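Chemist: Contents of structure.txt (compact mmCIF, C-alpha atoms and all ligand atoms):
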# COMPACT_ATOMS: atom_id res chain seq x y z
CA MET A 50 -33.18 0.47 -16.06
CA LYS A 51 -32.50 -3.23 -16.05
CA HIS A 52 -32.71 -3.17 -19.81
CA LYS A 53 -29.98 -0.52 -20.03
CA THR A 54 -27.77 -2.38 -17.61
CA SER A 55 -28.12 -5.56 -19.65
CA GLU A 56 -27.34 -3.62 -22.81
CA ILE A 57 -24.14 -2.29 -21.29
CA LEU A 58 -23.16 -5.69 -19.98
CA ASN A 59 -23.71 -7.20 -23.42
CA MET A 60 -21.65 -4.47 -25.02
CA LEU A 61 -18.86 -5.28 -22.61
CA HIS A 62 -19.12 -8.99 -23.48
CA GLN A 63 -20.50 -9.92 -20.07
CA GLU A 64 -23.44 -11.94 -21.40
CA HIS A 65 -23.04 -14.52 -18.63
CA ILE A 66 -23.97 -11.86 -16.06
CA VAL A 67 -27.05 -10.92 -18.08
CA ALA A 68 -28.05 -14.60 -18.11
CA HIS A 69 -27.48 -14.80 -14.37
CA LEU A 70 -29.58 -11.67 -13.80
CA LYS A 71 -32.44 -13.19 -15.77
CA SER A 72 -32.37 -16.30 -13.60
CA LEU A 73 -33.00 -14.26 -10.43
CA PRO A 74 -36.41 -13.47 -8.90
CA GLN A 75 -37.65 -9.97 -9.78
CA ASP A 76 -36.71 -8.33 -6.46
CA ASP A 77 -33.21 -9.77 -6.49
CA GLN A 78 -32.79 -8.67 -10.09
CA ILE A 79 -33.56 -5.10 -9.13
CA LYS A 80 -31.09 -5.22 -6.27
CA MET A 81 -28.36 -6.69 -8.41
CA VAL A 82 -28.94 -4.20 -11.20
CA SER A 83 -28.47 -1.32 -8.82
CA HIS A 84 -25.33 -2.99 -7.45
CA ILE A 85 -23.95 -3.35 -10.99
CA ASP A 86 -24.82 0.26 -11.76
CA SER A 87 -22.63 1.35 -8.87
CA LEU A 88 -19.55 -0.50 -10.18
CA ASP A 89 -16.73 1.10 -12.11
CA LEU A 90 -16.89 -1.03 -15.23
CA SER A 91 -14.27 1.01 -17.03
CA VAL A 92 -11.72 -1.64 -16.07
CA LEU A 93 -13.40 -3.89 -18.63
CA ASN A 94 -12.48 -1.51 -21.41
CA ASN A 95 -9.09 -1.04 -20.05
CA ILE A 96 -6.88 -2.72 -22.56
CA MET A 97 -3.70 -2.52 -20.56
CA ILE A 98 -1.46 -0.39 -22.65
CA GLU A 99 2.03 -0.59 -21.29
CA GLU A 100 2.98 2.95 -20.52
CA GLU A 101 6.00 3.97 -22.47
CA ARG A 102 8.86 4.75 -20.16
CA GLY A 103 10.91 7.90 -20.44
CA LYS A 104 14.65 8.19 -20.11
CA ILE A 105 15.74 6.27 -17.02
CA GLU A 106 18.75 7.38 -15.04
CA PRO A 107 20.09 6.50 -11.60
CA LEU A 108 18.90 8.52 -8.63
CA TYR A 109 21.44 8.68 -5.85
CA ALA A 110 20.43 8.16 -2.30
CA THR A 111 21.34 9.90 0.89
CA THR A 112 23.33 6.99 2.22
CA LEU A 113 23.59 5.55 5.71
CA ASP A 114 26.95 7.31 6.11
CA ASP A 115 25.55 10.68 5.00
CA ILE A 116 22.66 10.28 7.42
CA GLU A 117 24.83 9.24 10.34
CA LYS A 118 26.84 12.44 10.04
CA GLN A 119 23.72 14.55 10.48
CA ARG A 120 21.53 12.23 12.53
CA GLU A 121 21.16 14.53 15.50
CA HIS A 122 20.32 17.55 13.43
CA PHE A 123 17.82 15.75 11.18
CA THR A 124 16.19 14.15 14.20
CA GLU A 125 15.74 17.48 15.92
CA VAL A 126 14.17 19.00 12.79
CA GLY A 127 11.83 16.02 12.47
CA LEU A 128 10.83 16.08 16.14
CA GLU A 129 10.09 19.77 15.87
CA ALA A 130 7.82 19.13 12.88
CA ILE A 131 5.99 16.43 14.85
CA ARG A 132 5.66 18.64 17.94
CA SER A 133 4.16 21.41 15.87
CA GLY A 134 1.55 18.99 14.49
CA LYS A 135 2.83 19.06 10.93
CA VAL A 136 3.16 15.30 10.49
CA GLY A 137 0.47 12.67 10.00
CA ALA A 138 0.81 8.98 9.17
CA VAL A 139 -1.20 6.77 6.83
CA LEU A 140 -1.29 3.04 7.40
CA LEU A 141 -2.15 1.15 4.23
CA ALA A 142 -4.11 -1.81 5.52
CA GLY A 143 -6.73 -2.39 2.83
CA GLY A 144 -4.89 -5.21 1.07
CA GLN A 145 -6.25 -8.72 0.90
CA GLY A 146 -3.04 -10.45 1.94
CA SER A 147 -3.93 -13.34 -0.32
CA ARG A 148 -0.39 -14.74 -0.32
CA LEU A 149 -0.38 -15.04 3.45
CA GLY A 150 -3.68 -16.88 3.37
CA PHE A 151 -4.75 -15.53 6.78
CA GLU A 152 -8.50 -15.06 7.00
CA HIS A 153 -8.43 -11.78 8.90
CA PRO A 154 -6.84 -8.39 8.26
CA LYS A 155 -3.09 -8.94 7.98
CA GLY A 156 -2.41 -6.62 10.90
CA MET A 157 -4.28 -9.05 13.16
CA PHE A 158 -1.75 -11.77 12.48
CA ARG A 159 -0.04 -12.98 15.65
CA ILE A 160 3.65 -12.64 14.90
CA GLY A 161 4.48 -13.50 18.53
CA VAL A 162 5.40 -17.10 19.19
CA ASP A 163 5.20 -17.59 22.95
CA ARG A 164 3.16 -14.49 23.59
CA ASP A 165 0.51 -12.38 21.92
CA LEU A 166 2.18 -9.87 19.66
CA TYR A 167 0.28 -8.78 16.58
CA ILE A 168 1.47 -7.03 13.42
CA PHE A 169 -0.65 -3.96 14.22
CA GLU A 170 0.86 -3.96 17.69
CA CYS A 171 4.43 -3.96 16.31
CA LEU A 172 3.59 -0.93 14.19
CA ILE A 173 1.91 1.00 16.99
CA ARG A 174 4.80 0.27 19.33
CA ASN A 175 7.24 1.64 16.80
CA LEU A 176 5.13 4.74 16.43
CA LEU A 177 4.82 5.12 20.20
CA GLU A 178 8.61 5.28 20.46
CA VAL A 179 8.49 8.39 18.30
CA THR A 180 5.51 10.03 19.97
CA GLU A 181 7.09 9.48 23.38
CA GLN A 182 10.34 11.02 22.18
CA ALA A 183 8.49 13.97 20.66
CA GLY A 184 6.00 14.36 23.48
CA ALA A 185 3.22 14.73 20.90
CA TRP A 186 0.80 12.43 19.08
CA VAL A 187 1.01 11.81 15.36
CA PRO A 188 -2.48 11.62 13.79
CA LEU A 189 -2.80 8.16 12.28
CA PHE A 190 -5.12 7.45 9.35
CA VAL A 191 -5.79 3.78 8.74
CA MET A 192 -6.93 2.74 5.28
CA THR A 193 -9.05 -0.38 5.35
CA SER A 194 -11.25 -2.10 2.78
CA VAL A 195 -14.93 -2.95 2.61
CA ALA A 196 -14.03 -6.49 3.63
CA ASN A 197 -11.77 -5.76 6.57
CA ASN A 198 -12.84 -2.39 7.96
CA ARG A 199 -15.10 -3.65 10.71
CA GLU A 200 -12.73 -6.33 11.95
CA THR A 201 -9.82 -3.89 11.93
CA ARG A 202 -11.69 -1.28 13.96
CA GLU A 203 -12.93 -3.86 16.42
CA PHE A 204 -9.43 -5.23 16.85
CA PHE A 205 -8.02 -1.81 17.69
CA GLU A 206 -10.90 -1.19 20.10
CA LYS A 207 -10.48 -4.55 21.78
CA HIS A 208 -6.77 -3.93 22.31
CA ASP A 209 -7.20 -0.36 23.48
CA TYR A 210 -5.34 0.90 20.44
CA PHE A 211 -2.23 -0.80 21.83
CA GLY A 212 -1.64 2.21 24.04
CA TYR A 213 -2.09 4.79 21.28
CA SER A 214 -4.51 7.69 21.73
CA ASP A 215 -7.78 6.71 20.05
CA ASP A 216 -8.54 10.40 19.53
CA ASN A 217 -5.68 10.40 17.08
CA VAL A 218 -6.70 7.42 14.98
CA TRP A 219 -9.10 7.59 12.04
CA PHE A 220 -10.23 4.72 9.85
CA PHE A 221 -11.32 5.14 6.27
CA VAL A 222 -12.38 2.67 3.62
CA GLN A 223 -10.81 2.50 0.18
CA GLU A 224 -12.73 1.90 -2.99
CA GLN A 225 -13.33 -1.35 -4.84
CA LEU A 226 -12.97 -2.37 -8.46
CA PRO A 227 -14.41 -5.42 -10.19
CA THR A 228 -12.18 -8.46 -10.64
CA VAL A 229 -12.16 -10.49 -13.84
CA ASP A 230 -11.21 -14.04 -14.71
CA VAL A 231 -8.49 -14.92 -17.21
CA ASN A 232 -10.95 -14.34 -20.07
CA GLY A 233 -11.82 -10.85 -18.91
CA LYS A 234 -15.21 -11.93 -17.55
CA LEU A 235 -16.77 -10.50 -14.41
CA MET A 236 -17.14 -12.99 -11.60
CA LEU A 237 -19.91 -13.58 -9.10
CA ALA A 238 -19.04 -13.15 -5.44
CA ASP A 239 -22.43 -14.61 -4.52
CA GLU A 240 -25.94 -14.85 -5.96
CA GLY A 241 -26.50 -11.11 -6.12
CA THR A 242 -23.03 -9.58 -6.12
CA ILE A 243 -20.25 -9.11 -8.63
CA SER A 244 -16.81 -9.89 -7.23
CA THR A 245 -14.78 -6.78 -6.45
CA ALA A 246 -11.46 -6.16 -4.73
CA PRO A 247 -9.78 -3.14 -3.13
CA ASN A 248 -8.46 -0.78 -5.81
CA GLY A 249 -4.81 -0.90 -4.78
CA ASN A 250 -2.65 1.11 -2.42
CA GLY A 251 -2.36 4.06 -4.81
CA GLY A 252 -5.93 5.07 -4.06
CA TRP A 253 -5.15 6.19 -0.51
CA TYR A 254 -5.09 9.94 -1.07
CA ALA A 255 -8.17 10.00 -3.28
CA SER A 256 -9.97 7.84 -0.74
CA MET A 257 -8.90 10.21 2.04
CA ALA A 258 -10.43 13.03 0.03
CA LYS A 259 -13.68 11.13 -0.59
CA THR A 260 -14.11 10.03 3.02
CA GLY A 261 -13.55 13.44 4.57
CA MET A 262 -10.11 12.65 5.97
CA LEU A 263 -8.55 15.54 4.10
CA ARG A 264 -10.74 17.88 6.06
CA ILE A 265 -9.08 16.61 9.22
CA VAL A 266 -5.67 16.99 7.62
CA GLN A 267 -6.49 20.56 6.59
CA ASN A 268 -8.05 21.55 9.90
CA ALA A 269 -5.04 20.23 11.79
CA ASN A 270 -2.62 21.96 9.37
CA ILE A 271 -0.81 18.72 8.69
CA GLU A 272 1.90 19.42 6.12
CA TRP A 273 3.48 16.00 5.70
CA LEU A 274 2.01 12.51 5.40
CA ASN A 275 4.10 9.42 6.00
CA VAL A 276 2.53 6.53 4.11
CA PHE A 277 3.52 2.99 4.96
CA ALA A 278 2.54 -0.65 4.46
CA VAL A 279 0.96 -2.78 7.13
CA ASP A 280 3.14 -5.78 6.48
CA ASN A 281 6.59 -4.55 7.44
CA VAL A 282 6.85 -5.34 11.14
CA LEU A 283 10.07 -3.34 11.50
CA GLN A 284 8.53 -0.30 9.85
CA ARG A 285 9.69 2.96 11.43
CA ILE A 286 6.74 5.33 11.30
CA ALA A 287 7.03 9.12 11.40
CA ASP A 288 10.76 8.55 11.80
CA PRO A 289 12.03 11.97 12.94
CA CYS A 290 15.41 11.58 11.25
CA PHE A 291 13.76 10.72 7.91
CA ILE A 292 11.31 13.60 8.22
CA GLY A 293 14.12 15.99 9.17
CA ALA A 294 16.28 14.85 6.26
CA VAL A 295 13.47 15.40 3.76
CA ILE A 296 12.62 18.83 5.18
CA GLU A 297 16.26 19.87 5.18
CA SER A 298 16.73 18.63 1.61
CA GLY A 299 14.03 21.04 0.43
CA LYS A 300 12.47 18.20 -1.54
CA VAL A 301 8.73 17.61 -1.72
CA SER A 302 8.81 13.90 -1.00
CA GLY A 303 10.99 11.18 0.42
CA ALA A 304 11.23 7.43 0.08
CA LYS A 305 12.91 5.02 2.41
CA VAL A 306 15.12 2.71 0.40
CA VAL A 307 17.38 -0.25 1.05
CA SER A 308 20.51 -1.25 -0.82
CA LYS A 309 19.80 -4.22 -3.03
CA ALA A 310 20.91 -7.55 -1.55
CA GLU A 311 22.11 -8.63 -5.00
CA PRO A 312 21.77 -7.18 -8.52
CA ASN A 313 18.86 -9.42 -9.46
CA GLU A 314 16.81 -8.86 -6.34
CA LYS A 315 13.12 -8.58 -7.20
CA VAL A 316 12.50 -5.11 -5.90
CA GLY A 317 11.29 -1.85 -7.45
CA VAL A 318 14.17 0.59 -7.73
CA LEU A 319 13.96 4.33 -7.23
CA CYS A 320 15.47 6.15 -10.19
CA LEU A 321 14.91 9.19 -12.36
CA GLU A 322 12.61 9.09 -15.37
CA ASP A 323 12.86 12.13 -17.60
CA GLY A 324 14.38 13.89 -14.62
CA LYS A 325 11.48 13.04 -12.27
CA PRO A 326 11.60 10.49 -9.46
CA SER A 327 10.16 7.19 -10.55
CA ILE A 328 10.22 3.53 -9.67
CA VAL A 329 11.32 0.91 -12.14
CA GLU A 330 10.03 -2.56 -11.40
CA TYR A 331 12.57 -5.38 -11.40
CA TYR A 332 10.98 -6.96 -14.49
CA GLU A 333 11.37 -3.71 -16.42
CA MET A 334 15.12 -3.57 -15.87
CA THR A 335 17.44 -4.52 -18.72
CA ASP A 336 20.57 -6.59 -18.00
CA GLU A 337 22.61 -3.48 -18.64
CA MET A 338 20.70 -1.60 -15.96
CA ILE A 339 20.83 -4.47 -13.51
CA ASN A 340 24.60 -4.77 -13.70
CA ARG A 341 25.61 -1.17 -14.26
CA ARG A 342 27.98 0.13 -11.60
CA GLU A 343 29.24 3.53 -10.49
CA PRO A 344 32.97 4.33 -10.26
CA ASP A 345 32.86 3.46 -6.54
CA GLY A 346 31.65 -0.04 -7.42
CA LYS A 347 28.07 0.42 -6.18
CA LEU A 348 25.21 -0.66 -8.38
CA SER A 349 23.84 2.33 -10.28
CA TYR A 350 20.28 1.09 -9.73
CA ASN A 351 20.80 0.08 -6.17
CA TYR A 352 18.02 1.43 -4.04
CA GLY A 353 14.88 -0.59 -3.59
CA VAL A 354 11.72 0.98 -2.19
CA ILE A 355 10.07 -0.47 0.92
CA LEU A 356 6.68 1.27 0.75
CA ASN A 357 7.47 3.99 3.24
CA TYR A 358 7.08 7.44 1.71
CA LEU A 359 6.81 10.97 2.96
CA PHE A 360 4.69 13.35 0.88
CA ARG A 361 4.06 17.06 1.20
CA VAL A 362 0.31 17.56 1.45
CA ASP A 363 0.11 20.67 -0.75
CA LYS A 364 1.82 18.76 -3.55
CA LEU A 365 -0.49 15.78 -3.14
CA ASN A 366 -3.59 17.85 -3.72
CA ARG A 367 -2.77 18.32 -7.35
CA THR A 368 -2.49 14.55 -7.81
CA LEU A 369 -6.22 14.29 -7.13
CA SER A 370 -6.99 15.32 -10.66
CA VAL A 371 -4.69 12.73 -12.19
CA ASN A 372 -5.75 9.19 -12.97
CA LEU A 373 -3.04 6.87 -11.77
CA PRO A 374 -2.32 3.98 -14.13
CA LEU A 375 -4.14 0.75 -13.36
CA HIS A 376 -2.00 -2.33 -12.90
CA ARG A 377 -3.28 -5.86 -13.14
CA ALA A 378 -2.41 -8.27 -10.37
CA PHE A 379 -3.01 -12.00 -10.75
CA LYS A 380 -4.50 -13.22 -7.47
CA LYS A 381 -6.54 -15.89 -5.80
CA VAL A 382 -10.16 -14.74 -5.89
CA GLN A 383 -13.02 -16.69 -4.36
CA TYR A 384 -16.07 -16.86 -6.62
CA MET A 385 -19.38 -18.53 -7.33
CA THR A 386 -19.93 -20.65 -10.44
CA PRO A 387 -23.07 -20.14 -12.54
CA GLY A 388 -24.29 -23.36 -10.92
CA GLY A 389 -24.05 -21.75 -7.49
CA GLU A 390 -20.93 -23.56 -6.26
CA MET A 391 -18.46 -21.52 -4.20
CA ILE A 392 -14.86 -21.96 -5.34
CA ASN A 393 -11.91 -21.11 -3.14
CA PRO A 394 -8.92 -21.46 -5.46
CA ASP A 395 -5.49 -22.66 -4.30
CA GLU A 396 -3.74 -20.84 -7.09
CA PRO A 397 -4.20 -17.37 -8.60
CA ASN A 398 -7.19 -17.44 -10.94
CA ALA A 399 -8.24 -13.83 -11.55
CA TYR A 400 -7.05 -10.31 -12.16
CA LYS A 401 -7.64 -7.48 -9.79
CA PHE A 402 -7.00 -3.91 -10.82
CA GLU A 403 -4.82 -1.71 -8.69
CA THR A 404 -3.32 1.72 -8.60
CA LEU A 405 0.00 1.77 -6.78
CA ALA A 406 1.40 4.20 -4.24
CA LEU A 407 4.70 4.12 -6.09
CA ASP A 408 3.05 5.80 -9.07
CA MET A 409 2.41 8.81 -6.84
CA VAL A 410 6.16 9.30 -6.52
CA LYS A 411 6.31 9.98 -10.23
CA LEU A 412 3.89 12.86 -9.80
CA GLN A 413 6.29 14.61 -7.43
CA ASP A 414 8.87 17.11 -8.66
CA ASN A 415 11.59 15.43 -6.65
CA CYS A 416 12.12 12.79 -4.00
CA LEU A 417 14.80 12.20 -1.42
CA ALA A 418 15.95 8.58 -1.48
CA TYR A 419 16.80 7.93 2.15
CA GLU A 420 18.77 4.78 2.82
CA VAL A 421 17.91 2.60 5.80
CA GLU A 422 19.43 -0.59 7.09
CA ARG A 423 17.49 -3.51 5.77
CA THR A 424 17.94 -5.68 8.85
CA LYS A 425 16.69 -2.90 11.09
CA GLU A 426 13.78 -1.58 9.08
CA PHE A 427 12.58 -4.10 6.53
CA ALA A 428 10.80 -7.28 7.54
CA PRO A 429 7.83 -7.73 5.20
CA VAL A 430 5.28 -10.44 5.90
CA LYS A 431 3.96 -11.53 2.52
CA ASN A 432 3.99 -15.32 2.77
CA MET A 433 3.65 -17.87 5.55
CA THR A 434 7.07 -19.41 4.87
CA GLY A 435 10.03 -18.80 2.54
CA VAL A 436 10.95 -15.39 1.20
CA ASP A 437 9.41 -12.34 2.93
CA SER A 438 7.50 -14.54 5.29
CA VAL A 439 6.33 -14.93 8.84
CA ASP A 440 9.52 -16.96 9.42
CA THR A 441 11.92 -14.33 8.05
CA ALA A 442 10.07 -11.51 9.83
CA ARG A 443 10.29 -13.36 13.15
CA GLU A 444 13.99 -13.90 12.65
CA LEU A 445 14.47 -10.18 11.99
CA LEU A 446 12.35 -9.16 14.97
CA ARG A 447 14.51 -11.36 17.21
CA LEU A 448 17.64 -9.89 15.66
CA ASN A 449 16.34 -6.50 16.76
CA GLY A 450 15.93 -7.67 20.32
CA ILE A 451 12.16 -8.16 20.22
CA GLU A 452 11.04 -11.13 22.27
CA LEU A 453 8.52 -13.31 20.59
P1 LIG B 1 0.49 -5.97 -1.32
O1 LIG B 1 0.90 -5.47 -2.64
O2 LIG B 1 1.40 -6.92 -0.64
O3 LIG B 1 -0.97 -6.61 -1.48
O4 LIG B 1 0.22 -4.73 -0.37
P2 LIG B 1 -1.88 -7.41 -0.48
O5 LIG B 1 -3.25 -7.39 -1.09
O6 LIG B 1 -1.80 -6.92 0.92
O7 LIG B 1 -1.30 -8.89 -0.46
P3 LIG B 1 -1.33 -10.07 -1.56
O8 LIG B 1 -0.57 -9.54 -2.75
O9 LIG B 1 -2.77 -10.36 -1.88
O10 LIG B 1 -0.65 -11.21 -0.88
C1 LIG B 1 1.21 -3.85 0.06
C2 LIG B 1 0.57 -2.90 1.03
O11 LIG B 1 -0.47 -2.15 0.42
C3 LIG B 1 -1.69 -2.34 1.11
C4 LIG B 1 -1.53 -3.65 1.87
O12 LIG B 1 -2.43 -3.73 2.96
C5 LIG B 1 -0.07 -3.56 2.26
O13 LIG B 1 0.10 -2.70 3.36
N1 LIG B 1 -2.80 -2.40 0.14
C6 LIG B 1 -2.71 -3.19 -0.94
C7 LIG B 1 -3.92 -1.64 0.39
O14 LIG B 1 -4.00 -0.91 1.41
N2 LIG B 1 -4.93 -1.70 -0.52
C8 LIG B 1 -4.87 -2.47 -1.62
O15 LIG B 1 -5.84 -2.47 -2.42
C9 LIG B 1 -3.73 -3.24 -1.84
Mind turning this structure into structure tokens?
Modeler:
Amino acid sequence: MKHKTSEILNMLHQEHIVAHLKSLPQDDQIKMVSHIDSLDLSVLNNIMIEEERGKIEPLYATTLDDIEKQREHFTEVGLEAIRSGKVGAVLLAGGQGSRLGFEHPKGMFRIGVDRDLYIFECLIRNLLEVTEQAGAWVPLFVMTSVANNRETREFFEKHDYFGYSDDNVWFFVQEQLPTVDVNGKLMLADEGTISTAPNGNGGWYASMAKTGMLRIVQNANIEWLNVFAVDNVLQRIADPCFIGAVIESGKVSGAKVVSKAEPNEKVGVLCLEDGKPSIVEYYEMTDEMINRREPDGKLSYNYGVILNYLFRVDKLNRTLSVNLPLHRAFKKVQYMTPGGEMINPDEPNAYKFETLALDMVKLQDNCLAYEVERTKEFAPVKNMTGVDSVDTARELLRLNGIEL
């Protein structure tokens, strides 16, 4: 068995791992071989072929004005869906938050200044506003990773789920993929383990299927799942107006979007690709696309996504048989040198492989782009200071009347 594993590693140009294996005592070798056998090494073959894009066209959003005119109606439709148990929420909290450099799950970060207020707490409070209005709980599925699952669960327990009903919260763990250095070589996490990282936020539905969560979704007859990122402290979850607008539109998915702050803003834009909803990353946009305007003066590619989507469950099931594209992200990854020294890099040093939730949008027949006010709903915490940081998020929380 070891022999075969070594053969495969050699074929994949990972001779340094074979050498490391040989240096281990027999028992440890056996353990490490079985660990390596459990890894998805296909990422090593994965020569990243840039997917060819189809014909890109603007996708127009339901604007703030459009929504305001029908707010009451949409809200009632959404509340009704929640009351009848048709809506669940999925918190994507498996990321490593390497830019923030906080050593615990990002949701445990204390965003409060003079008092204890945590990111998870902000999210649960926002959700509680909805469940109180609806008079019904929204089942909440929390995606964690191998590294942060235990701490996340313990944190919720310790804080009594911040007033949420623990019967309505489920945790599940996403899968891992190996990381590689800049030369495409596997890295050691420690003596007997290859370094791996969570496989990106696009794996949430497949991981729900693998961990039995879909059984809960099916048994409860949940028809819609609202997927959202952990790091937006102003995130509105299971927003009844959004849910109502998507249901009333007859579309099979919805995405909350914000108007771009300026044409060159680094944000993925919701558009149409060969007639299907799709997200074009800022670096994929040509100058012509960036500056193109509609007759009313608005940017044609104006609506940036904020990682808050609503998907219809029956349409998601068919995505289970599709392999989402793998993206490479250049990140800081701690590793062990062949000499046994642990390195904690200050700068990105390795690639992790990720599928992205935004690629699930492309698998939908259509998607309602639903505009929200940036200052009310978008305060991402990616960095400690500067753009999209703890500082900017605190400022926005205060602007929304939240005492810190
Ligand atoms: P980011 O793309 O910001 O990644 O995640 P990250 O790993 O949290 O942070 P950096 O890039 O290392 O600083 C956006 C959202 O997707 C979730 C994150 O928890 C966050 O809510 N996510 C990301 C996962 O749930 N799993 C992943 O593998 C990656």
Chemist: Give as a short mmCIF file (atom, residue, chain, number, x, y, z; two decimals) with C-alpha atoms, in the coordinates of the input the residues surrounding ligand LIG 1 (chain B) up to a distance of 6 Å, considering only C-alpha atoms and all ligand atoms.
Modeler:
data_model
loop_
_atom_site.label_atom_id
_atom_site.label_comp_id
_atom_site.auth_asym_id
_atom_site.auth_seq_id
_atom_site.Cartn_x
_atom_site.Cartn_y
_atom_site.Cartn_z
CA LEU A 141 -2.15 1.15 4.23
CA ALA A 142 -4.11 -1.81 5.52
CA GLY A 143 -6.73 -2.39 2.83
CA GLY A 144 -4.89 -5.21 1.07
CA GLN A 145 -6.25 -8.72 0.90
CA GLY A 146 -3.04 -10.45 1.94
CA SER A 147 -3.93 -13.34 -0.32
CA ARG A 148 -0.39 -14.74 -0.32
CA LEU A 149 -0.38 -15.04 3.45
CA PRO A 247 -9.78 -3.14 -3.13
CA ASN A 248 -8.46 -0.78 -5.81
CA GLY A 249 -4.81 -0.90 -4.78
CA ASN A 250 -2.65 1.11 -2.42
CA ALA A 278 2.54 -0.65 4.46
CA VAL A 279 0.96 -2.78 7.13
CA ASP A 280 3.14 -5.78 6.48
CA LYS A 431 3.96 -11.53 2.52
#
Chemist: With 10 Å as the cut-off and only C-alpha atoms counted, what is the closest atom pair between each nearby residue of segment 259-313 of chain A and segment 105-111 of chain A? Distances in Å to one decimal, ordered by chain and number, as a Markdown table.
Modeler:
| residue | atom | partner | partner_atom | distance |
| --- | --- | --- | --- | --- |
| A:Ala294 | CA | A:Thr111 | CA | 8.9 |
| A:Ser298 | CA | A:Thr111 | CA | 9.9 |
| A:Ala304 | CA | A:Ala110 | CA | 9.5 |
| A:Lys305 | CA | A:Ala110 | CA | 9.4 |
| A:Val306 | CA | A:Ala110 | CA | 8.1 |
| A:Val307 | CA | A:Ala110 | CA | 9.6 |
| A:Ser308 | CA | A:Ala110 | CA | 9.5 |
Chemist: How far is it from atom CA of Gly156 of chain A to atom CA of Phe277 of chain A, in Å with one decimal?
Modeler: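 Here the two named atoms are 12.8 Å from each other.
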Chemist: For Gln284 of chain A, work out the shell of residues within 8 Å, counting all atoms listed in the file and skipping chain neighbours fewer than 5 positions away, then give it as a list in words.
Modeler: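 Returned residues: Leu172, Asn175, Phe277, Asn357, Glu426, Phe427 and Ala428 of chain A.
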Chemist: Considering all atoms listed in the file, give me a table of residues in segment 222-323 of chain A that are at most 9 Å from segment 51-66 of chain A, with the closest atom pair and distance in Å for each, as JSON lines.
Modeler:
{"residue": "A:Gly233", "atom": "CA", "partner": "A:Gln63", "partner_atom": "CA", "distance": 8.8}
{"residue": "A:Lys234", "atom": "CA", "partner": "A:Gln63", "partner_atom": "CA", "distance": 6.2}
{"residue": "A:Leu235", "atom": "CA", "partner": "A:Gln63", "partner_atom": "CA", "distance": 6.8}
{"residue": "A:Met236", "atom": "CA", "partner": "A:Ile66", "partner_atom": "CA", "distance": 8.2}
{"residue": "A:Leu237", "atom": "CA", "partner": "A:Ile66", "partner_atom": "CA", "distance": 8.2}
{"residue": "A:Ile243", "atom": "CA", "partner": "A:Ile66", "partner_atom": "CA", "distance": 8.8}
Chemist: Would you write out those residues with C-alpha atoms, as a PDB file, keeping the file's coordinate frame?
Modeler:
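Contents of the output file out-v8.pdb:
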ATOM      1  CA  GLY A 233     -11.820 -10.850 -18.910  1.00  0.00           C
ATOM      2  CA  LYS A 234     -15.210 -11.930 -17.550  1.00  0.00           C
ATOM      3  CA  LEU A 235     -16.770 -10.500 -14.410  1.00  0.00           C
ATOM      4  CA  MET A 236     -17.140 -12.990 -11.600  1.00  0.00           C
ATOM      5  CA  LEU A 237     -19.910 -13.580  -9.100  1.00  0.00           C
ATOM      6  CA  ILE A 243     -20.250  -9.110  -8.630  1.00  0.00           C
TER       7      ILE A 243
END
Chemist: Which neighbours of Val162 of chain A fall inside 12 Å, counting all atoms listed in the file, when residues of the same chain fewer than 6 positions from it are skipped, and could you give them as an mmCIF file with C-alpha atoms, keeping the file's coordinate frame?
Modeler:
data_model
loop_
_atom_site.group_PDB
_atom_site.id
_atom_site.type_symbol
_atom_site.label_atom_id
_atom_site.label_comp_id
_atom_site.auth_asym_id
_atom_site.auth_seq_id
_atom_site.Cartn_x
_atom_site.Cartn_y
_atom_site.Cartn_z
ATOM 1 C CA VAL A 439 6.330 -14.930 8.840
ATOM 2 C CA ASP A 440 9.520 -16.960 9.420
ATOM 3 C CA ALA A 442 10.070 -11.510 9.830
ATOM 4 C CA ARG A 443 10.290 -13.360 13.150
ATOM 5 C CA GLU A 444 13.990 -13.900 12.650
ATOM 6 C CA LEU A 446 12.350 -9.160 14.970
ATOM 7 C CA ARG A 447 14.510 -11.360 17.210
ATOM 8 C CA ILE A 451 12.160 -8.160 20.220
ATOM 9 C CA GLU A 452 11.040 -11.130 22.270
ATOM 10 C CA LEU A 453 8.520 -13.310 20.590
#
Chemist: Pick out the residues sitting within 10 Å of Val382 of chain A, and hand them over as JSON, numbers by chain; count all atoms listed in the file, and ignore anything fewer than 5 positions along from it in its own chain.
Modeler: {"A": [145, 147, 228, 229, 230, 236, 238, 244, 245, 246, 392, 393, 394, 395, 396, 397, 398, 399, 400, 401]}
Chemist: Using all atoms listed in the file for the distances, tell me which of A:Lys425, A:His69, A:Lys300, A:His122 is nearest to Leu359 of chain A.
Modeler: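 Result for the nearest residue to Leu359 of chain A: A:Lys300.
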